[in-house]
Amino acid sequence: MISKPLGAGLSHDFGAKAARLDQALRAGLAVPPGVALLLTSEHDLPPRPQELLAQVGPGPYAVRSSFRGEDSAQASQAGRYDSVLRVTPENLNESLQKVFRSAGDDAPPRRAVLIQQMVEAHLSGVMFCQPNFLDPLVNWTEGTAEKLVGGETAGTSTVLAPNTREPRNHDRLRKLAGECSQKLESTTHGWDLEWADDGHTCWLVQARPITRPPLRDELFSYANIREIMPDPPSTFMTSIVTEAGLTLYDYYRKFDSQLPTGRPLIEQHFGRPLFNISLLCETMRHWGLPTRLVTDQIGGADVARSPLKPLTLVSKWRPIARQGLAQFQAAGKTERAIEELRQIQPASNLTELGTQTTELFHNLVTVMLDLTAALAVPLTLLRKLGVLAEHGGAHDTPTGEILRGLTPLKEALSHNPHWEEDLKRGQAPNDPAFQGLWKQYLQRFGHRGFFESDLAEPRFRESPEVILRSILYPSKPKQVAKTTHVGRLTTPLWYYTRRVLDTRERWRDEAMRVYEKIRRQSLALARQHQLESPERIFDLTVEEWRELDGGWRPETSFWSDRTLRIKELEGYNVPNLIRRFEPPHSFRDEQPEDQSRVTGLPLTTGEVEGVVWLAKDAQEMPELIEGERVILVVRTVDPGWLFNLPKVDGAIVELGGDLSHGSILLREFGIPAITNAHGATAIFQGGERVRLVAHEGWAKKLPLPEAPGPSHLPSNR
């Protein structure tokens, strides 16, 4: 038998577990005193246990294995060998024999066993410190952790984020995690630490490399995708977005190499691509920026609630400066990217076309991230100063041209009333005067569409019925906010913001031109592959596109199964924010406590009372009631809503942020509007009366008149 105390410089002959605890103790970490024994057989026991235990200190003791091959970087073998707790001097040798024998016959003849002071813990557990996560993951229990690590109890799991207050020793746990990350050698996946807290000290009782990283219950946002695609998106676009999401986070890492690796920005859950909001909020915290910069822009709730941290921000000045330079150059870089977009020609086979679409989406989002980042600070300042709605309402956006482009047709209609019957049916009148103006309009805007970011959705030139009917509705005068002194002073800041906003909209417009070309080519190739219908090409994943080129032919049973799967996905009502492990049966409309009122993010000023039009999508048309104001209540707004916005007097939108395309349009129209109004479509029914106070960010139900007339607005319930 060979014995050596912890802290004396143990070699790996005593096993990796003992050697690491020895290293940690010498580095100043709180490790219970102990001694390591190297035994050659179960009978090679200390002849004088009392003298040996005197090196450890007062008991009781914990006896653990530290065998060769245990807790290596390749395999942890956690829980394979016995540990004995609350050992006394009288049963020490019996405990040593039990641990020695637990290795079986396949273990090396010389086996190390570790004796340490037993920590009578108030709290104990395991903690995963991973280099690609900002916060440790803790699984803890009251008392000692033998049942927890043995799998007899689940314990409580939590992420040690700054706003976490459980477990009650969270400050000591964070300190231990930081010390281990700094003082233990680096590993691929980080450290799995066992700890025990006696109420005064958080002791490190074991440290092993993580060999199989745990899948964390991260938070995902559907808000940003839901604004630009149908719910659910097509099978093809879901696979494209998910594939592109594997490398999208590289956008942030190019500014700061210390940011996490190996975590995709977008993941697929229940047939929908969702943004990893936990990852984005961690990025803001890593730079000392408030997490609201993320949630206010893309929509969703700021569950991290991390404020501006000036000291962290100063320490990260280099990556912040690099990103600031990129933001300053964003508009110019986008102009060059637009020229490159115009050179793209669709590929000639599905394999290359799928790759081309993935790259296009990746580039589309990357440029949008640059421009969105460039807008974050000025938009926040303008909102804080209370002049964002004032400037936005006076601005004509490039996307708004889609609606303003109909003005010549509306003016011509006043001289050609015989067009009305065709337009009511959503048909283009067969009149040279109309056809000439209509051709000009489609040349400019025919490539746009409803939920146009999904290639499966038809473009305006393919499905123009809503646009044609909207020509019948007269344009309402634009509501412009009164100019204020602060508004005049912030005009230079608005000029910069407006330029970036317009560039962002132009980038999207040009990208949609390429989307239309790719959609047209996809349908042509689908006909060559003789699918049951060309449109079914978008019911396949991008990987299945590649298989089609390899000779695969979907059978009838495949299409039946795929149709059932799509129907199943359509049945999920996935909320704005979900956890990774949230079960699908929990997907139901949020029911706020107050069933008569919602609050949201103000987009404009003003207030209005009117009748709710609860709309499902932009292709519905409200039946206007004479003398009534109409308030649109909708899940989300995208550019396709342009043709209905002139018909409403206010808008309450569930999903969106300052930079949502729909938010930009609503500010341009100047009608009272709020967004990010959680639960609005569940609270308000079609035909109900509502008061909307946009500048205060709320809306509430009003009592119906004593003798209400029948409402002609669709309820969609």
# chains A, B, ... in the order shown; residues from 1 in each chain; ligands from 1
>>> residues_around(residues="stretch 328-338 of chain A", least_positions_apart="2", cutoff="7 Å", atoms="only C-alpha atoms", output="JSON list (two decimals) with N, CA and C atoms, in the first residue's frame")
[["chain", "number", "residue", "atom", "x", "y", "z"],
["A", 324, "GLY", "N", -19.33, 47.77, -34.00],
["A", 324, "GLY", "CA", -19.74, 49.14, -34.30],
["A", 324, "GLY", "C", -19.27, 49.58, -35.68],
["A", 325, "LEU", "N", -18.04, 49.21, -36.04],
["A", 325, "LEU", "CA", -17.52, 49.54, -37.36],
["A", 325, "LEU", "C", -18.34, 48.85, -38.44],
["A", 326, "ALA", "N", -18.69, 47.57, -38.19],
["A", 326, "ALA", "CA", -19.51, 46.84, -39.17],
["A", 326, "ALA", "C", -20.89, 47.49, -39.32],
["A", 340, "GLU", "N", -24.56, 42.03, -56.05],
["A", 340, "GLU", "CA", -24.26, 40.60, -56.19],
["A", 340, "GLU", "C", -25.53, 39.77, -56.34],
["A", 341, "LEU", "N", -26.59, 40.17, -55.60],
["A", 341, "LEU", "CA", -27.86, 39.46, -55.72],
["A", 341, "LEU", "C", -28.38, 39.48, -57.15],
["A", 342, "ARG", "N", -28.24, 40.61, -57.80],
["A", 342, "ARG", "CA", -28.78, 40.77, -59.15],
["A", 342, "ARG", "C", -28.08, 39.88, -60.17],
["A", 367, "VAL", "N", -27.04, 39.76, -43.63],
["A", 367, "VAL", "CA", -27.11, 41.19, -43.94],
["A", 367, "VAL", "C", -28.16, 41.87, -43.05],
["A", 370, "ASP", "N", -26.69, 42.57, -39.69],
["A", 370, "ASP", "CA", -25.83, 43.77, -39.73],
["A", 370, "ASP", "C", -26.68, 45.04, -39.64],
["A", 371, "LEU", "N", -27.72, 45.09, -40.47],
["A", 371, "LEU", "CA", -28.56, 46.28, -40.51],
["A", 371, "LEU", "C", -29.38, 46.43, -39.24],
["A", 374, "ALA", "N", -27.20, 47.78, -36.62],
["A", 374, "ALA", "CA", -26.94, 49.20, -36.86],
["A", 374, "ALA", "C", -28.11, 50.07, -36.40],
["A", 500, "VAL", "N", -30.66, 53.55, -43.03],
["A", 500, "VAL", "CA", -30.46, 52.12, -42.77],
["A", 500, "VAL", "C", -31.78, 51.36, -42.93],
["A", 503, "THR", "N", -32.45, 50.95, -46.60],
["A", 503, "THR", "CA", -31.53, 49.95, -47.16],
["A", 503, "THR", "C", -31.99, 48.54, -46.81],
["A", 507, "TRP", "N", -33.00, 45.75, -49.50],
["A", 507, "TRP", "CA", -32.32, 44.44, -49.50],
["A", 507, "TRP", "C", -33.35, 43.32, -49.54],
["A", 510, "GLU", "N", -34.93, 43.14, -53.09],
["A", 510, "GLU", "CA", -34.07, 42.50, -54.09],
["A", 510, "GLU", "C", -33.95, 41.00, -53.84]]
>>> closest_atom_pairs(of="stretch 85-133 of chain A", to="stretch 53-63 of chain A", cutoff="10 Å", atoms="only C-alpha atoms", output="CSV")
residue,atom,partner,partner_atom,distance
A:Leu85,CA,A:Ala62,CA,4.5
A:Arg86,CA,A:Pro60,CA,5.0
A:Val87,CA,A:Tyr61,CA,4.8
A:Thr88,CA,A:Pro60,CA,5.5
A:Pro89,CA,A:Leu53,CA,7.6
A:Leu92,CA,A:Val63,CA,8.3
A:Ser95,CA,A:Val63,CA,6.9
A:Leu96,CA,A:Val63,CA,6.9
A:Lys98,CA,A:Val63,CA,9.6
A:Val99,CA,A:Val63,CA,7.5
A:Val113,CA,A:Val63,CA,7.0
A:Leu114,CA,A:Val63,CA,5.7
A:Ile115,CA,A:Val63,CA,4.7
A:Gln116,CA,A:Ala62,CA,5.3
A:Gln117,CA,A:Tyr61,CA,4.5
A:Met118,CA,A:Tyr61,CA,4.4
A:Val119,CA,A:Tyr61,CA,8.2
A:Glu120,CA,A:Pro60,CA,9.0
>>> select_by_dssp(residues="stretch 357-546 of chain A", states="helix (DSSP H, G or I)", output="number ranges by chain")
A: 357-384, 388-393, 401-404, 407-413, 417-424, 432-445, 465-470, 485-489, 491-528, 534-539, 542-546
>>> write_last_selection(atoms="C-alpha atoms", output="CSV table (one decimal), in the first residue's frame")
chain,number,residue,atom,x,y,z
A,357,THR,CA,-31.4,28.6,-51.5
A,358,THR,CA,-29.7,27.8,-48.2
A,359,GLU,CA,-26.8,30.2,-49.0
A,360,LEU,CA,-29.3,32.8,-50.1
A,361,PHE,CA,-31.2,32.6,-46.9
A,362,HIS,CA,-28.0,32.6,-44.9
A,363,ASN,CA,-26.8,35.8,-46.7
A,364,LEU,CA,-30.3,37.4,-46.4
A,365,VAL,CA,-30.3,36.9,-42.6
A,366,THR,CA,-26.6,37.9,-42.2
A,367,VAL,CA,-27.1,41.2,-43.9
A,368,MET,CA,-30.3,41.7,-42.0
A,369,LEU,CA,-28.4,41.1,-38.7
A,370,ASP,CA,-25.8,43.8,-39.7
A,371,LEU,CA,-28.6,46.3,-40.5
A,372,THR,CA,-30.6,45.4,-37.5
A,373,ALA,CA,-27.6,45.8,-35.2
A,374,ALA,CA,-26.9,49.2,-36.9
A,375,LEU,CA,-30.5,50.3,-35.9
A,376,ALA,CA,-30.5,49.0,-32.3
A,377,VAL,CA,-29.0,52.0,-30.6
A,378,PRO,CA,-30.6,54.8,-32.6
A,379,LEU,CA,-34.1,53.2,-32.4
A,380,THR,CA,-33.7,52.8,-28.7
A,381,LEU,CA,-32.7,56.4,-28.3
A,382,LEU,CA,-35.5,57.7,-30.5
A,383,ARG,CA,-38.0,55.6,-28.6
A,384,LYS,CA,-36.7,56.7,-25.2
A,388,LEU,CA,-39.9,57.4,-33.0
A,389,ALA,CA,-43.5,57.5,-33.9
A,390,GLU,CA,-43.2,61.1,-35.0
A,391,HIS,CA,-40.3,60.4,-37.4
A,392,GLY,CA,-41.7,57.1,-38.6
A,393,GLY,CA,-45.1,58.4,-39.4
A,401,GLU,CA,-44.4,51.7,-52.4
A,402,ILE,CA,-46.2,48.4,-52.9
A,403,LEU,CA,-49.4,50.2,-51.9
A,404,ARG,CA,-48.6,53.7,-53.2
A,407,THR,CA,-52.4,55.1,-57.0
A,408,PRO,CA,-52.5,55.4,-60.8
A,409,LEU,CA,-54.9,52.4,-61.0
A,410,LYS,CA,-57.2,54.0,-58.3
A,411,GLU,CA,-57.2,57.3,-60.2
A,412,ALA,CA,-58.0,55.6,-63.5
A,413,LEU,CA,-60.8,53.7,-61.8
A,417,PRO,CA,-66.4,52.7,-63.2
A,418,HIS,CA,-67.2,49.7,-65.5
A,419,TRP,CA,-64.0,48.1,-64.1
A,420,GLU,CA,-65.7,47.6,-60.7
A,421,GLU,CA,-67.5,44.3,-61.3
A,422,ASP,CA,-64.3,42.6,-62.4
A,423,LEU,CA,-62.3,44.0,-59.5
A,424,LYS,CA,-64.9,42.8,-57.0
A,432,PRO,CA,-56.1,48.2,-72.6
A,433,ALA,CA,-56.0,51.2,-70.2
A,434,PHE,CA,-56.1,49.0,-67.2
A,435,GLN,CA,-53.8,46.3,-68.6
A,436,GLY,CA,-51.1,48.8,-69.3
A,437,LEU,CA,-51.1,50.2,-65.8
A,438,TRP,CA,-51.4,46.7,-64.3
A,439,LYS,CA,-48.4,45.4,-66.3
A,440,GLN,CA,-46.3,48.3,-65.0
A,441,TYR,CA,-47.4,47.5,-61.4
A,442,LEU,CA,-46.5,43.8,-61.7
A,443,GLN,CA,-43.1,44.6,-63.3
A,444,ARG,CA,-42.3,46.5,-60.2
A,445,PHE,CA,-44.0,44.5,-57.5
A,465,GLU,CA,-56.9,38.7,-56.3
A,466,VAL,CA,-56.5,40.6,-53.0
A,467,ILE,CA,-54.5,43.4,-54.7
A,468,LEU,CA,-57.1,43.8,-57.4
A,469,ARG,CA,-60.0,44.0,-54.9
A,470,SER,CA,-58.1,46.6,-52.9
A,485,HIS,CA,-39.0,70.5,-30.6
A,486,VAL,CA,-37.3,67.2,-29.6
A,487,GLY,CA,-38.3,65.8,-33.0
A,488,ARG,CA,-36.5,68.6,-34.8
A,489,LEU,CA,-33.4,68.2,-32.6
A,491,THR,CA,-33.6,64.9,-37.1
A,492,PRO,CA,-29.9,64.1,-37.9
A,493,LEU,CA,-30.2,60.9,-35.9
A,494,TRP,CA,-33.4,60.1,-37.8
A,495,TYR,CA,-31.7,60.7,-41.2
A,496,TYR,CA,-29.1,58.0,-40.3
A,497,THR,CA,-31.8,55.7,-39.0
A,498,ARG,CA,-34.0,56.2,-42.1
A,499,ARG,CA,-31.1,55.5,-44.5
A,500,VAL,CA,-30.5,52.1,-42.8
A,501,LEU,CA,-34.2,51.3,-42.6
A,502,ASP,CA,-34.6,52.0,-46.3
A,503,THR,CA,-31.5,50.0,-47.2
A,504,ARG,CA,-32.9,47.1,-45.1
A,505,GLU,CA,-36.2,47.2,-47.0
A,506,ARG,CA,-34.5,47.5,-50.4
A,507,TRP,CA,-32.3,44.4,-49.5
A,508,ARG,CA,-35.4,42.4,-48.8
A,509,ASP,CA,-37.1,43.6,-52.0
A,510,GLU,CA,-34.1,42.5,-54.1
A,511,ALA,CA,-33.8,39.2,-52.3
A,512,MET,CA,-37.5,38.5,-53.1
A,513,ARG,CA,-36.7,39.0,-56.8
A,514,VAL,CA,-34.3,36.1,-56.5
A,515,TYR,CA,-36.8,34.1,-54.4
A,516,GLU,CA,-39.3,34.4,-57.3
A,517,LYS,CA,-36.7,33.1,-59.8
A,518,ILE,CA,-35.9,30.2,-57.5
A,519,ARG,CA,-39.5,29.4,-57.0
A,520,ARG,CA,-40.2,29.4,-60.7
A,521,GLN,CA,-37.2,27.1,-61.3
A,522,SER,CA,-38.2,24.8,-58.5
A,523,LEU,CA,-41.7,24.3,-60.0
A,524,ALA,CA,-40.1,23.6,-63.4
A,525,LEU,CA,-37.8,21.0,-62.0
A,526,ALA,CA,-40.7,19.4,-60.1
A,527,ARG,CA,-42.5,18.9,-63.4
A,528,GLN,CA,-39.4,17.2,-64.8
A,534,PRO,CA,-45.5,20.6,-58.9
A,535,GLU,CA,-46.4,22.4,-55.7
A,536,ARG,CA,-45.6,19.3,-53.7
A,537,ILE,CA,-41.9,20.0,-54.2
A,538,PHE,CA,-42.2,22.3,-51.2
A,539,ASP,CA,-43.5,19.4,-49.1
A,542,VAL,CA,-33.8,20.1,-48.9
A,543,GLU,CA,-32.2,16.7,-48.3
A,544,GLU,CA,-35.1,15.0,-50.1
A,545,TRP,CA,-34.5,17.3,-53.1
A,546,ARG,CA,-31.0,15.9,-53.3
>>> closest_residue(among="A:Pro575, A:Gly551, A:Gly104, A:Pro136", to="A:Leu274", atoms="only C-alpha atoms")
A:Pro575
>>> residues_around(residues="A:Ala304", least_positions_apart="2", cutoff="8 Å", atoms="only C-alpha atoms", output="JSON, numbers by chain")
{"A": [161, 163, 281, 291, 302, 306]}
>>> residues_around(residues="A:Thr187", least_positions_apart="5", cutoff="12 Å", atoms="only C-alpha atoms", output="MDAnalysis selection string")
chainID A and resid 72:74 129:132 180:182 192 207:211 213
>>> select_by_dssp(residues="stretch 221-315 of chain A", states="strand (DSSP E or B)", output="list in words")
Ser221, Ile266, Glu267, Gln268, His269, Arg272, Pro273, Leu274, Phe275 and Asn276 of chain A
>>> residues_around(residues="A:Gln268", least_positions_apart="3", cutoff="8 Å", atoms="only C-alpha atoms", output="PyMOL selection string")
chain A and resi 238+242+271-274
>>> write_last_selection(atoms="C-alpha atoms", output="mmCIF file, in the first residue's frame")
data_model
loop_
_atom_site.group_PDB
_atom_site.id
_atom_site.type_symbol
_atom_site.label_atom_id
_atom_site.label_comp_id
_atom_site.auth_asym_id
_atom_site.auth_seq_id
_atom_site.Cartn_x
_atom_site.Cartn_y
_atom_site.Cartn_z
ATOM 1 C CA THR A 238 -38.235 24.790 -42.519
ATOM 2 C CA THR A 242 -32.692 25.011 -40.022
ATOM 3 C CA GLY A 271 -41.972 21.517 -37.788
ATOM 4 C CA ARG A 272 -41.041 25.143 -37.150
ATOM 5 C CA PRO A 273 -37.627 26.842 -37.204
ATOM 6 C CA LEU A 274 -37.144 28.787 -33.978
#
>>> residues_around(residues="A:Gly662", least_positions_apart="4", cutoff="10 Å", atoms="only C-alpha atoms", output="PyMOL selection string")
chain A and resi 227-228+399+636-642+653+655-658+666-668+675
>>> residues_around(residues="A:Leu577", least_positions_apart="3", cutoff="7 Å", atoms="only C-alpha atoms", output="ChimeraX atom specification")
/A:219-222,300
>>> write_last_selection(atoms="N, CA and C atoms", output="PDB file, in the first residue's frame")
ATOM      1  N   LEU A 219     -34.528  28.476 -24.171  1.00  0.00           N
ATOM      2  CA  LEU A 219     -35.721  29.207 -24.591  1.00  0.00           C
ATOM      3  C   LEU A 219     -35.605  29.553 -26.073  1.00  0.00           C
ATOM      4  N   PHE A 220     -36.687  29.326 -26.810  1.00  0.00           N
ATOM      5  CA  PHE A 220     -36.700  29.595 -28.242  1.00  0.00           C
ATOM      6  C   PHE A 220     -37.846  30.542 -28.581  1.00  0.00           C
ATOM      7  N   SER A 221     -37.590  31.392 -29.579  1.00  0.00           N
ATOM      8  CA  SER A 221     -38.590  32.367 -30.015  1.00  0.00           C
ATOM      9  C   SER A 221     -39.086  32.014 -31.411  1.00  0.00           C
ATOM     10  N   TYR A 222     -40.409  31.977 -31.539  1.00  0.00           N
ATOM     11  CA  TYR A 222     -41.032  31.751 -32.839  1.00  0.00           C
ATOM     12  C   TYR A 222     -41.486  33.068 -33.456  1.00  0.00           C
ATOM     13  N   GLY A 300     -41.006  39.075 -28.441  1.00  0.00           N
ATOM     14  CA  GLY A 300     -40.855  38.108 -27.369  1.00  0.00           C
ATOM     15  C   GLY A 300     -40.669  38.799 -26.032  1.00  0.00           C
TER      16      GLY A 300
END
>>> atom_distance(atom1="atom CA of A:Tyr81", atom2="atom CA of A:Ser102")
5.3 Å
>>> closest_residue(among="A:Leu665, A:Arg597, A:Val648, A:Leu246", to="A:Gly697", atoms="only C-alpha atoms")
A:Arg597
>>> closest_residue(among="A:Phe255, A:Gly670, A:Gly687, A:Pro5", to="A:Glu628", atoms="only C-alpha atoms")
A:Gly687
>>> closest_residue(among="A:Gly199, A:Pro162, A:Pro346, A:Gly679", to="A:Thr599", atoms="only C-alpha atoms")
A:Gly679
